[in-house]
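**Q** The structure's right below; bear with me while I get my questions together.
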Number of protein chains: 2
Amino acid sequence: MVRYAKRMEQLTNSDIGELLKLIAQPDIISFAGGLPAAELFPVEQLRQACNHVMDEVGRVACQYSATEGLPALREKIAQRMKEKNNIETDAEHILITSGSQQGLDFSGRVFLDKGDVVLMESPSYLGAINAFKACEPTFLEVPTDDDGMVMEELEKILQTTENVKMIYVIPDFQNPTGRTWSLERRQKFMEIINRYEIPVIEDNPYGELRFENEDMPALKSLDTKGLVVFLGTFSKILVPGYRLGWVCASDEILSMYNFIKQGADLQTPTVTQLEVNAYIDLFDLDAHVDKIRELYRHRRDVMMQAMEEYFPKEAKFTHPDGGLFTWVELPDYINTRDMALQCLQKKVAYVPGGSFFPNGGQENCFRMNYSCMPDEKIVEGVKAIAEVIRANLK
Amino acid sequence: MVRYAKRMEQLTNSDIGELLKLIAQPDIISFAGGLPAAELFPVEQLRQACNHVMDEVGRVACQYSATEGLPALREKIAQRMKEKNNIETDAEHILITSGSQQGLDFSGRVFLDKGDVVLMESPSYLGAINAFKACEPTFLEVPTDDDGMVMEELEKILQTTENVKMIYVIPDFQNPTGRTWSLERRQKFMEIINRYEIPVIEDNPYGELRFENEDMPALKSLDTKGLVVFLGTFSKILVPGYRLGWVCASDEILSMYNFIKQGADLQTPTVTQLEVNAYIDLFDLDAHVDKIRELYRHRRDVMMQAMEEYFPKEAKFTHPDGGLFTWVELPDYINTRDMALQCLQKKVAYVPGGSFFPNGGQENCFRMNYSCMPDEKIVEGVKAIAEVIRANLK
């Protein structure tokens, strides 16, 4: 009889996989995925980048290459982290991964034995929860508010919990809430972390997509003890279909990620690394990110206005300063999984909030994405959801 | 203090990673890696395939796509497995992976808890050993001879060992030995497997690269109980730099691989899948494989002739009917790790054999690759190694 590893019991099908299937139906107004706006993809420029690579280094692009990634691309990433995040680093401290999802998976494998404790914001990114589950850890949720993780609660947990092996956070435009940590919280967090010396996974896929107000310093930029592992990605600032992300960490920690990478898939594809490297050489990535930021800000505005106009006052939602998501909280008695099916009948989709709590138990929230739908669909979809919410109010 | 997961203790740097770095030096005659011959890469055709994709479905190529992979490519793979391996399957039973190394990593994660037993040929592929090590299993080595795994030994182990969770094998042109299992062994193996109902990972990266004699049936083609997981790849029949492989398995087992894939990296890049799919539509992959087969057969001949001419009679080596490797066995008192350093001084590299034994202890062998060096380099390199061997003989 075929017997599977015990970790498989924890890994039921993730909502993301199922939802990507639903989104594939063209007639759905989907606020569910985290899909970038396809109309902004620089297809023609990427085609030119590909031709450039094939003309100049075609045989290299087709061959195996080093596990840690292409030196020229790692150099550009380090440079970008310096410019955008004020992080002092270099190519030697970057590992190219297959999207930042792979960085999440590796984080679990580097730090977590079965039963070890991982701390996360409550709620947190469901893809991270799923990745960590494969290591069978114990999840502890740290309460959050509009300014991010609540430091008194974090401290309380650290004082009373053994075997906390890592803390996973998304300080900028968090997935799923769209919230951003205040400067004060960031400084307090690093003070606590330095005291307890616990590795931190700082997931930063949306940091460059700020619509207003001042940039906040990345935790990694405040990291004096080499405890912060920074995960970045090209998925949200260029294209997700090339699956290019990176890990930036101190020497010893990064070497652990490299060991895992070798066994996991040897290397990220040579060809996609060379093409994105060529794209950055030939074109203006910053100007491209400006366009994305402009469009998402506009769509955020459209969604916020529609929600303010159509949602009943019982629905509370966040006002993100950047990123792709807003988070809606309904009265306790409404189950947003059940409501999602009612919405799908009206051809509108969101992600029920329960999946974002690693230990479950909160079913009255949902996540809305505003990056990939045109204005009129956003308004139409929000109206439809508003009707369903009203029908569920007592 | 940063504490890592216990699995990290087992994962010291793999020889493959270090060796790929050595190979990167252009002045080394390298028989070490498993690099395909770069001069055969169809660079111009892949460029056209890329342009085709960007013209026809550019936005799709840049976007997220389904975890299991592109339906059209999975369809082509299923068709190819039918034609080349006589395996009855369809797109629904294929998962696209990031190279077959990822299939190895997933195999460990699907089946192995800490301490579980995995059986492997002795010796076996070091990349598989490294991948499985991340799950902290117990390795048991099954003796092999020129006809493959020795069935009496396998049966003995299965009779006396609890907790055997999977068996990993490479029946065609094995890595590292170049040996191919006889038909009789294959049939006997399936008879034993069916009796014990143990999942089998059949790794088949080289099956299409047969130089002479009849094709042997894949274990998967003899699999009546859905126990065999077949791993395939485009790395050796097209290009490795796109990192495209696949897993073919029965419904329930494949669904487990899909769960792991979602958490591991969401999906293999959309763009590379579309490009290889377009390449197969637009060009003749079979004709391309013919060219590879022709060149590797020639290089195998050149290496065999050189080894017969220059190696001392104390060096025994295999005569592969296909694939990329031959395996050299020296007298017990010679340590091929030490000898490798002497060879590197003469600018020649191979992989010392010790790494291919999961439990170590056999240091008198080494693996030679003949796919990526021109004739004169093969002869020159074999001569240099022959000199070093002679200097080490007592």
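Please note that chains go A, B, ... in the order of the structure tokens, that every chain numbers its residues from 1, and that ligands are numbered from 1 in the order shown.
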Residues at most 8 Å from Val118 of chain A, counting only C-alpha atoms, excluding those fewer than 5 positions away in the same chain, as a list in words?

**A**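 The residues that qualify are Leu112, Pro137, Thr138, Phe139, Leu140, Val164, Lys165, Met166, Ile167 and Tyr168 of chain A.
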
**Q** Could you give me, as a PyMOL selection string, each residue of segment 342-383 of chain A that DSSP assigns to strand (DSSP E or B) when run on this structure's backbone?

**A** chain A and resi 348-349+351-352+365-369

**Q** Do you know which residues are at most 9 Å from Phe211 of chain A counting only C-alpha atoms, after dropping those on the same chain fewer than 2 positions away, and could you put them as a list in words?

**A** Leu209, Asn213, Arg293, Glu294, Tyr296, Arg297, Pro320, Asp321, Gly322 and Gly323 of chain A

**Q** Give me a file of those residues, with C-alpha atoms, as a PDB file, in the first residue's frame.

**A**
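Output below, filename part-v8.pdb:
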ATOM      1  CA  LEU A 209       4.136  50.046  -5.550  1.00  0.00           C
ATOM      2  CA  ASN A 213       3.068  59.146   1.530  1.00  0.00           C
ATOM      3  CA  ARG A 293       1.987  52.435  -9.864  1.00  0.00           C
ATOM      4  CA  GLU A 294      -0.109  54.997 -11.726  1.00  0.00           C
ATOM      5  CA  TYR A 296      -2.948  50.611  -9.636  1.00  0.00           C
ATOM      6  CA  ARG A 297      -3.392  53.875  -7.757  1.00  0.00           C
ATOM      7  CA  PRO A 320      -4.061  50.775   1.252  1.00  0.00           C
ATOM      8  CA  ASP A 321      -1.302  53.275   0.402  1.00  0.00           C
ATOM      9  CA  GLY A 322       0.084  50.852  -2.161  1.00  0.00           C
ATOM     10  CA  GLY A 323       0.184  47.267  -3.300  1.00  0.00           C
TER      11      GLY A 323
END

**Q** Give me the residues within 7 Å of segment 190-203 of chain B as a PyMOL selection string, counting only C-alpha atoms and dropping any in the same chain fewer than 6 places off.

**A** (chain A and resi 1-2) or (chain B and resi 165-170+225+227-232)

**Q** For Gln273 of chain B, please output as a list in words all residues within 8 Å (counting only C-alpha atoms; exclusion window: fewer than 3 positions along the same chain).

**A**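 Counting only the stated atoms, we get Gly69, Leu70, Leu73, Leu244, Thr268, Pro269, Thr270, Val276 and Asn277 of chain B.
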
**Q** So that I can see what lies close to segment 92-106 of chain B, please list as a PyMOL selection string the residues with an atom at most 6 Å from it, counting only C-alpha atoms and leaving out residues fewer than 2 positions away in the same chain.

**A** (chain A and resi 264-265) or (chain B and resi 68-69+74+90+108-110+128+131+233+243-249+268)

**Q** Nearest to Tyr4 of chain A: which of B:Cys343, B:Met256, B:Leu40, B:Ala61 is it, counting only C-alpha atoms?

**A**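 Going through B:Cys343, B:Met256, B:Leu40, B:Ala61 one by one, the smallest distance to Tyr4 of chain A is for B:Met256.
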
**Q** Could you name the residues that touch Tyr310 of chain A at 9 Å or less, counting only C-alpha atoms, but leaving out those on the same chain fewer than 6 positions away, as a VMD selection string?

**A** chain A and resid 382 to 383 385 to 387

**Q** Would you write out those residues with N, CA and C atoms, as a compact mmCIF listing (two decimals), in the first residue's frame?

**A**
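Once everything was written out, this is part-v1.txt:
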# COMPACT_ATOMS: atom_id res chain seq x y z
N VAL A 382 -18.00 45.39 -7.45
CA VAL A 382 -18.22 45.88 -6.08
C VAL A 382 -19.72 46.00 -5.82
N LYS A 383 -20.47 46.51 -6.80
CA LYS A 383 -21.94 46.59 -6.66
C LYS A 383 -22.53 45.21 -6.39
N ILE A 385 -21.09 42.50 -5.18
CA ILE A 385 -20.72 42.00 -3.84
C ILE A 385 -21.53 42.74 -2.78
N ALA A 386 -21.72 44.06 -2.97
CA ALA A 386 -22.49 44.86 -2.01
C ALA A 386 -23.90 44.29 -1.86
N GLU A 387 -24.51 43.92 -2.98
CA GLU A 387 -25.85 43.32 -2.92
C GLU A 387 -25.84 42.03 -2.11
